[in-house]
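Coordinates as given in final-v4.pdb (PDB, C-alpha atoms):
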MODEL        1
ATOM      1  CA  MET I   1    -101.051-103.140 125.858  1.00  0.00           C
ATOM      2  CA  ALA I   2     -98.528-104.038 123.229  1.00  0.00           C
ATOM      3  CA  ASN I   3     -98.398-100.522 121.769  1.00  0.00           C
ATOM      4  CA  ALA I   4     -98.319 -98.557 125.023  1.00  0.00           C
ATOM      5  CA  PRO I   5     -95.511 -95.994 125.268  1.00  0.00           C
ATOM      6  CA  PRO I   6     -92.764 -96.654 127.818  1.00  0.00           C
ATOM      7  CA  ASP I   7     -92.796 -94.835 131.134  1.00  0.00           C
ATOM      8  CA  GLY I   8     -90.798 -91.617 131.274  1.00  0.00           C
ATOM      9  CA  PRO I   9     -89.221 -89.685 128.418  1.00  0.00           C
ATOM     10  CA  SER I  10     -89.460 -91.730 125.251  1.00  0.00           C
ATOM     11  CA  ARG I  11     -86.783 -89.768 123.400  1.00  0.00           C
ATOM     12  CA  GLY I  12     -83.943 -90.866 125.669  1.00  0.00           C
ATOM     13  CA  GLN I  13     -83.046 -87.185 126.004  1.00  0.00           C
ATOM     14  CA  ARG I  14     -84.542 -84.392 128.060  1.00  0.00           C
ATOM     15  CA  PRO I  15     -87.930 -84.666 129.754  1.00  0.00           C
ATOM     16  CA  ALA I  16     -90.898 -83.124 127.980  1.00  0.00           C
ATOM     17  CA  LEU I  17     -91.278 -79.390 128.624  1.00  0.00           C
ATOM     18  CA  MET I  18     -94.790 -78.028 128.864  1.00  0.00           C
ATOM     19  CA  PRO I  19     -94.807 -74.313 128.036  1.00  0.00           C
ATOM     20  CA  ARG I  20     -96.690 -71.974 130.318  1.00  0.00           C
ATOM     21  CA  ARG I  21    -100.307 -71.220 129.546  1.00  0.00           C
ATOM     22  CA  LEU I  22    -101.150 -67.974 127.760  1.00  0.00           C
ATOM     23  CA  ARG I  23    -103.512 -65.579 129.452  1.00  0.00           C
ATOM     24  CA  PRO I  24    -105.014 -62.279 128.278  1.00  0.00           C
ATOM     25  CA  GLY I  25    -102.312 -59.636 128.324  1.00  0.00           C
ATOM     26  CA  ALA I  26     -99.618 -62.104 127.251  1.00  0.00           C
ATOM     27  CA  VAL I  27     -97.159 -60.922 124.615  1.00  0.00           C
ATOM     28  CA  ILE I  28     -96.970 -62.956 121.404  1.00  0.00           C
ATOM     29  CA  GLY I  29     -94.053 -62.470 119.031  1.00  0.00           C
ATOM     30  CA  VAL I  30     -94.503 -63.165 115.332  1.00  0.00           C
ATOM     31  CA  ALA I  31     -91.825 -65.080 113.429  1.00  0.00           C
ATOM     32  CA  ALA I  32     -91.716 -65.970 109.742  1.00  0.00           C
ATOM     33  CA  PRO I  33     -89.501 -69.082 109.609  1.00  0.00           C
ATOM     34  CA  ALA I  34     -90.725 -70.098 106.155  1.00  0.00           C
ATOM     35  CA  GLY I  35     -92.165 -68.103 103.292  1.00  0.00           C
ATOM     36  CA  PRO I  36     -93.554 -64.603 102.948  1.00  0.00           C
ATOM     37  CA  PHE I  37     -97.224 -64.085 103.668  1.00  0.00           C
ATOM     38  CA  GLU I  38    -100.109 -62.059 102.336  1.00  0.00           C
ATOM     39  CA  ARG I  39    -100.395 -58.821 104.246  1.00  0.00           C
ATOM     40  CA  PRO I  40    -104.252 -58.643 104.403  1.00  0.00           C
ATOM     41  CA  ALA I  41    -104.512 -62.096 106.024  1.00  0.00           C
ATOM     42  CA  PHE I  42    -101.692 -61.170 108.400  1.00  0.00           C
ATOM     43  CA  GLU I  43    -103.483 -57.978 109.433  1.00  0.00           C
ATOM     44  CA  ARG I  44    -106.691 -59.942 110.148  1.00  0.00           C
ATOM     45  CA  GLY I  45    -104.759 -62.363 112.346  1.00  0.00           C
ATOM     46  CA  PHE I  46    -102.985 -59.498 114.099  1.00  0.00           C
ATOM     47  CA  ARG I  47    -106.344 -57.876 114.912  1.00  0.00           C
ATOM     48  CA  ALA I  48    -107.859 -61.195 116.036  1.00  0.00           C
ATOM     49  CA  LEU I  49    -105.035 -61.773 118.516  1.00  0.00           C
ATOM     50  CA  GLY I  50    -105.467 -58.237 119.829  1.00  0.00           C
ATOM     51  CA  ASP I  51    -109.208 -58.788 120.170  1.00  0.00           C
ATOM     52  CA  MET I  52    -108.448 -61.864 122.308  1.00  0.00           C
ATOM     53  CA  GLY I  53    -106.485 -59.667 124.701  1.00  0.00           C
ATOM     54  CA  PHE I  54    -102.953 -60.414 123.532  1.00  0.00           C
ATOM     55  CA  GLU I  55    -100.245 -57.900 122.760  1.00  0.00           C
ATOM     56  CA  VAL I  56     -98.531 -58.738 119.471  1.00  0.00           C
ATOM     57  CA  VAL I  57     -94.892 -57.916 118.697  1.00  0.00           C
ATOM     58  CA  VAL I  58     -93.932 -57.972 115.021  1.00  0.00           C
ATOM     59  CA  PRO I  59     -90.223 -57.646 114.226  1.00  0.00           C
ATOM     60  CA  PRO I  60     -89.723 -55.744 110.948  1.00  0.00           C
ATOM     61  CA  GLU I  61     -87.747 -58.654 109.468  1.00  0.00           C
ATOM     62  CA  VAL I  62     -90.886 -60.816 109.206  1.00  0.00           C
ATOM     63  CA  PHE I  63     -91.999 -58.685 106.258  1.00  0.00           C
ATOM     64  CA  ALA I  64     -88.903 -59.608 104.221  1.00  0.00           C
ATOM     65  CA  ALA I  65     -89.288 -61.531 100.991  1.00  0.00           C
ATOM     66  CA  CYS I  66     -86.522 -63.344  99.155  1.00  0.00           C
ATOM     67  CA  ASN I  67     -88.071 -65.377  96.335  1.00  0.00           C
ATOM     68  CA  PHE I  68     -90.219 -67.992  98.070  1.00  0.00           C
ATOM     69  CA  LEU I  69     -88.744 -67.305 101.532  1.00  0.00           C
ATOM     70  CA  ALA I  70     -89.303 -64.591 104.131  1.00  0.00           C
ATOM     71  CA  GLY I  71     -85.650 -63.574 104.015  1.00  0.00           C
ATOM     72  CA  PRO I  72     -82.349 -65.464 104.223  1.00  0.00           C
ATOM     73  CA  ASP I  73     -82.237 -68.617 106.360  1.00  0.00           C
ATOM     74  CA  GLU I  74     -79.949 -67.110 108.995  1.00  0.00           C
ATOM     75  CA  GLN I  75     -82.138 -64.010 109.326  1.00  0.00           C
ATOM     76  CA  ARG I  76     -85.336 -66.022 109.747  1.00  0.00           C
ATOM     77  CA  ALA I  77     -83.666 -68.206 112.377  1.00  0.00           C
ATOM     78  CA  ALA I  78     -82.185 -65.186 114.160  1.00  0.00           C
ATOM     79  CA  VAL I  79     -85.618 -63.579 114.502  1.00  0.00           C
ATOM     80  CA  PHE I  80     -87.076 -66.832 115.852  1.00  0.00           C
ATOM     81  CA  ASN I  81     -84.167 -67.259 118.300  1.00  0.00           C
ATOM     82  CA  ARG I  82     -84.424 -63.639 119.425  1.00  0.00           C
ATOM     83  CA  LEU I  83     -88.153 -63.946 120.128  1.00  0.00           C
ATOM     84  CA  MET I  84     -87.664 -67.233 121.980  1.00  0.00           C
ATOM     85  CA  ALA I  85     -84.878 -65.751 124.128  1.00  0.00           C
ATOM     86  CA  ASP I  86     -86.690 -62.494 124.920  1.00  0.00           C
ATOM     87  CA  PRO I  87     -88.111 -62.671 128.470  1.00  0.00           C
ATOM     88  CA  ALA I  88     -90.783 -60.117 127.496  1.00  0.00           C
ATOM     89  CA  ILE I  89     -92.223 -62.515 124.881  1.00  0.00           C
ATOM     90  CA  ASP I  90     -94.615 -65.164 126.242  1.00  0.00           C
ATOM     91  CA  ALA I  91     -95.170 -67.149 123.023  1.00  0.00           C
ATOM     92  CA  VAL I  92     -94.144 -67.206 119.374  1.00  0.00           C
ATOM     93  CA  ILE I  93     -96.601 -67.642 116.529  1.00  0.00           C
ATOM     94  CA  CYS I  94     -95.397 -68.404 113.026  1.00  0.00           C
ATOM     95  CA  ALA I  95     -96.929 -66.207 110.342  1.00  0.00           C
ATOM     96  CA  ARG I  96     -97.304 -69.150 107.951  1.00  0.00           C
ATOM     97  CA  GLY I  97     -95.892 -72.534 107.080  1.00  0.00           C
ATOM     98  CA  GLY I  98     -93.828 -73.498 104.084  1.00  0.00           C
ATOM     99  CA  TYR I  99     -90.725 -75.272 102.895  1.00  0.00           C
ATOM    100  CA  GLY I 100     -88.333 -72.747 104.409  1.00  0.00           C
ATOM    101  CA  CYS I 101     -88.866 -74.070 107.941  1.00  0.00           C
ATOM    102  CA  LEU I 102     -86.578 -76.997 107.199  1.00  0.00           C
ATOM    103  CA  ARG I 103     -83.793 -74.610 106.300  1.00  0.00           C
ATOM    104  CA  VAL I 104     -83.821 -72.787 109.658  1.00  0.00           C
ATOM    105  CA  LEU I 105     -83.543 -75.933 111.794  1.00  0.00           C
ATOM    106  CA  PRO I 106     -79.705 -76.014 111.847  1.00  0.00           C
ATOM    107  CA  HIS I 107     -79.674 -72.405 113.094  1.00  0.00           C
ATOM    108  CA  VAL I 108     -82.141 -72.747 115.987  1.00  0.00           C
ATOM    109  CA  ASP I 109     -80.670 -72.265 119.492  1.00  0.00           C
ATOM    110  CA  TYR I 110     -82.217 -75.344 121.098  1.00  0.00           C
ATOM    111  CA  ASP I 111     -80.311 -74.973 124.387  1.00  0.00           C
ATOM    112  CA  ALA I 112     -81.613 -71.441 124.947  1.00  0.00           C
ATOM    113  CA  ILE I 113     -85.147 -72.590 124.165  1.00  0.00           C
ATOM    114  CA  ALA I 114     -84.857 -75.465 126.653  1.00  0.00           C
ATOM    115  CA  ARG I 115     -83.799 -72.993 129.369  1.00  0.00           C
ATOM    116  CA  ASP I 116     -86.899 -70.825 128.872  1.00  0.00           C
ATOM    117  CA  PRO I 117     -89.587 -72.817 127.061  1.00  0.00           C
ATOM    118  CA  LYS I 118     -92.557 -70.951 125.677  1.00  0.00           C
ATOM    119  CA  PRO I 119     -95.377 -71.940 123.341  1.00  0.00           C
ATOM    120  CA  VAL I 120     -94.603 -72.069 119.632  1.00  0.00           C
ATOM    121  CA  ILE I 121     -97.687 -71.952 117.440  1.00  0.00           C
ATOM    122  CA  GLY I 122     -97.843 -72.831 113.763  1.00  0.00           C
ATOM    123  CA  PHE I 123     -99.176 -75.150 111.092  1.00  0.00           C
ATOM    124  CA  SER I 124     -98.204 -76.945 107.915  1.00  0.00           C
ATOM    125  CA  ASP I 125     -94.418 -77.087 107.492  1.00  0.00           C
ATOM    126  CA  VAL I 126     -94.000 -75.396 110.877  1.00  0.00           C
ATOM    127  CA  THR I 127     -94.593 -78.957 112.092  1.00  0.00           C
ATOM    128  CA  ALA I 128     -90.959 -79.653 111.150  1.00  0.00           C
ATOM    129  CA  LEU I 129     -89.908 -76.897 113.548  1.00  0.00           C
ATOM    130  CA  LEU I 130     -92.274 -78.173 116.256  1.00  0.00           C
ATOM    131  CA  TRP I 131     -90.895 -81.700 115.920  1.00  0.00           C
ATOM    132  CA  ALA I 132     -87.315 -80.422 116.037  1.00  0.00           C
ATOM    133  CA  LEU I 133     -88.087 -78.439 119.200  1.00  0.00           C
ATOM    134  CA  TYR I 134     -89.579 -81.544 120.788  1.00  0.00           C
ATOM    135  CA  SER I 135     -86.779 -83.822 119.632  1.00  0.00           C
ATOM    136  CA  ARG I 136     -83.905 -81.513 120.583  1.00  0.00           C
ATOM    137  CA  CYS I 137     -85.171 -79.846 123.764  1.00  0.00           C
ATOM    138  CA  GLY I 138     -88.400 -81.579 124.755  1.00  0.00           C
ATOM    139  CA  LEU I 139     -90.632 -78.572 124.082  1.00  0.00           C
ATOM    140  CA  ILE I 140     -94.229 -79.516 123.434  1.00  0.00           C
ATOM    141  CA  GLY I 141     -95.490 -76.844 121.043  1.00  0.00           C
TER     142      GLY I 141
ENDMDL
END

As structure tokens:
Amino acid sequence: MANAPPDGPSRGQRPALMPRRLRPGAVIGVAAPAGPFERPAFERGFRALGDMGFEVVVPPEVFAACNFLAGPDEQRAAVFNRLMADPAIDAVICARGGYGCLRVLPHVDYDAIARDPKPVIGFSDVTALLWALYSRCGLIG
């Protein structure tokens, strides 16, 4: 096949990292790497995750709002990095997408994430973060 991918890692960097599978009882941390979110929708999602058997950890910083962002870039990245480095957290879910994700990329600790990969869940502009995690450390989110 002319369009078949090459064997092995195609990025010429680290091999792809498959995060561990989530099971009931797993702990999911919530990050807000982009914009602020509507509290009622957040509460519904929080309850839905609990109903599925997950424990949800919500750092207080995710409720910050600074114009169209959920806090300063460095703060949003620090919360994401902290959740990713915390051995008690099994996965990180992003509260919402939005332009701000691009602005946290320079502050993400890719080496720490590669040492302890875990699922990162998100949509919309969180795709920029997911692609950066794949490109820089091989994490398949």

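Comparing I:Val62, I:Leu22, I:Ile140, I:Val27 by their smallest distance to I:Ile113, the closest is I:Ile140 (using only C-alpha atoms).
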
Which residues would end up in the selection if the PyMOL selection byres ((chain I and resi 74) around 10) were applied here, given that I need the answer as a list in words?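 Selected by the PyMOL selection byres ((chain I and resi 74) around 10) in this file: Pro33, Gly71, Pro72, Asp73, Gln75, Arg76, Ala77, Ala78, Val79, Phe80, Arg103, Val104, Leu105, Pro106, His107 and Val108 of chain I.
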
Figure out the distance between atom CA of I:Gly45 and atom CA of I:Gly98, please, to one decimal in Å.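 Rounded to one decimal, the two atoms are 17.7 Å apart.
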
Report as a list in words the residues that result from applying the PyMOL selection byres ((chain I and resi 111) around 12) to the structure here. Arg14, Asn81, Met84, Ala85, His107, Val108, Asp109, Tyr110, Ala112, Ile113, Ala114, Arg115, Asp116, Pro117, Leu133, Tyr134, Ser135, Arg136, Cys137, Gly138 and Leu139 of chain I

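If you measure from each of I:Phe123, I:Phe68, I:Phe46, I:Trp131 to I:Val30 using all atoms listed in the file, the closest one turns out to be I:Phe46.
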
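With distances taken over all atoms listed in the file, I:Glu55 is the one residue among I:Glu38, I:Asp125, I:Glu55, I:Asp86 lying closest to I:Gly25.
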
Separation of atom CA of I:Gly141 and atom CA of I:Val126, in Å?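 Atom-to-atom, atom CA of I:Gly141 to atom CA of I:Val126, that is 10.4 Å.
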
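In terms of minimum interatomic distance to I:Ala64, I:Ala31 ranks closest within I:Ala31, I:Ala132, I:Ile93, I:Leu83, counting only C-alpha atoms.
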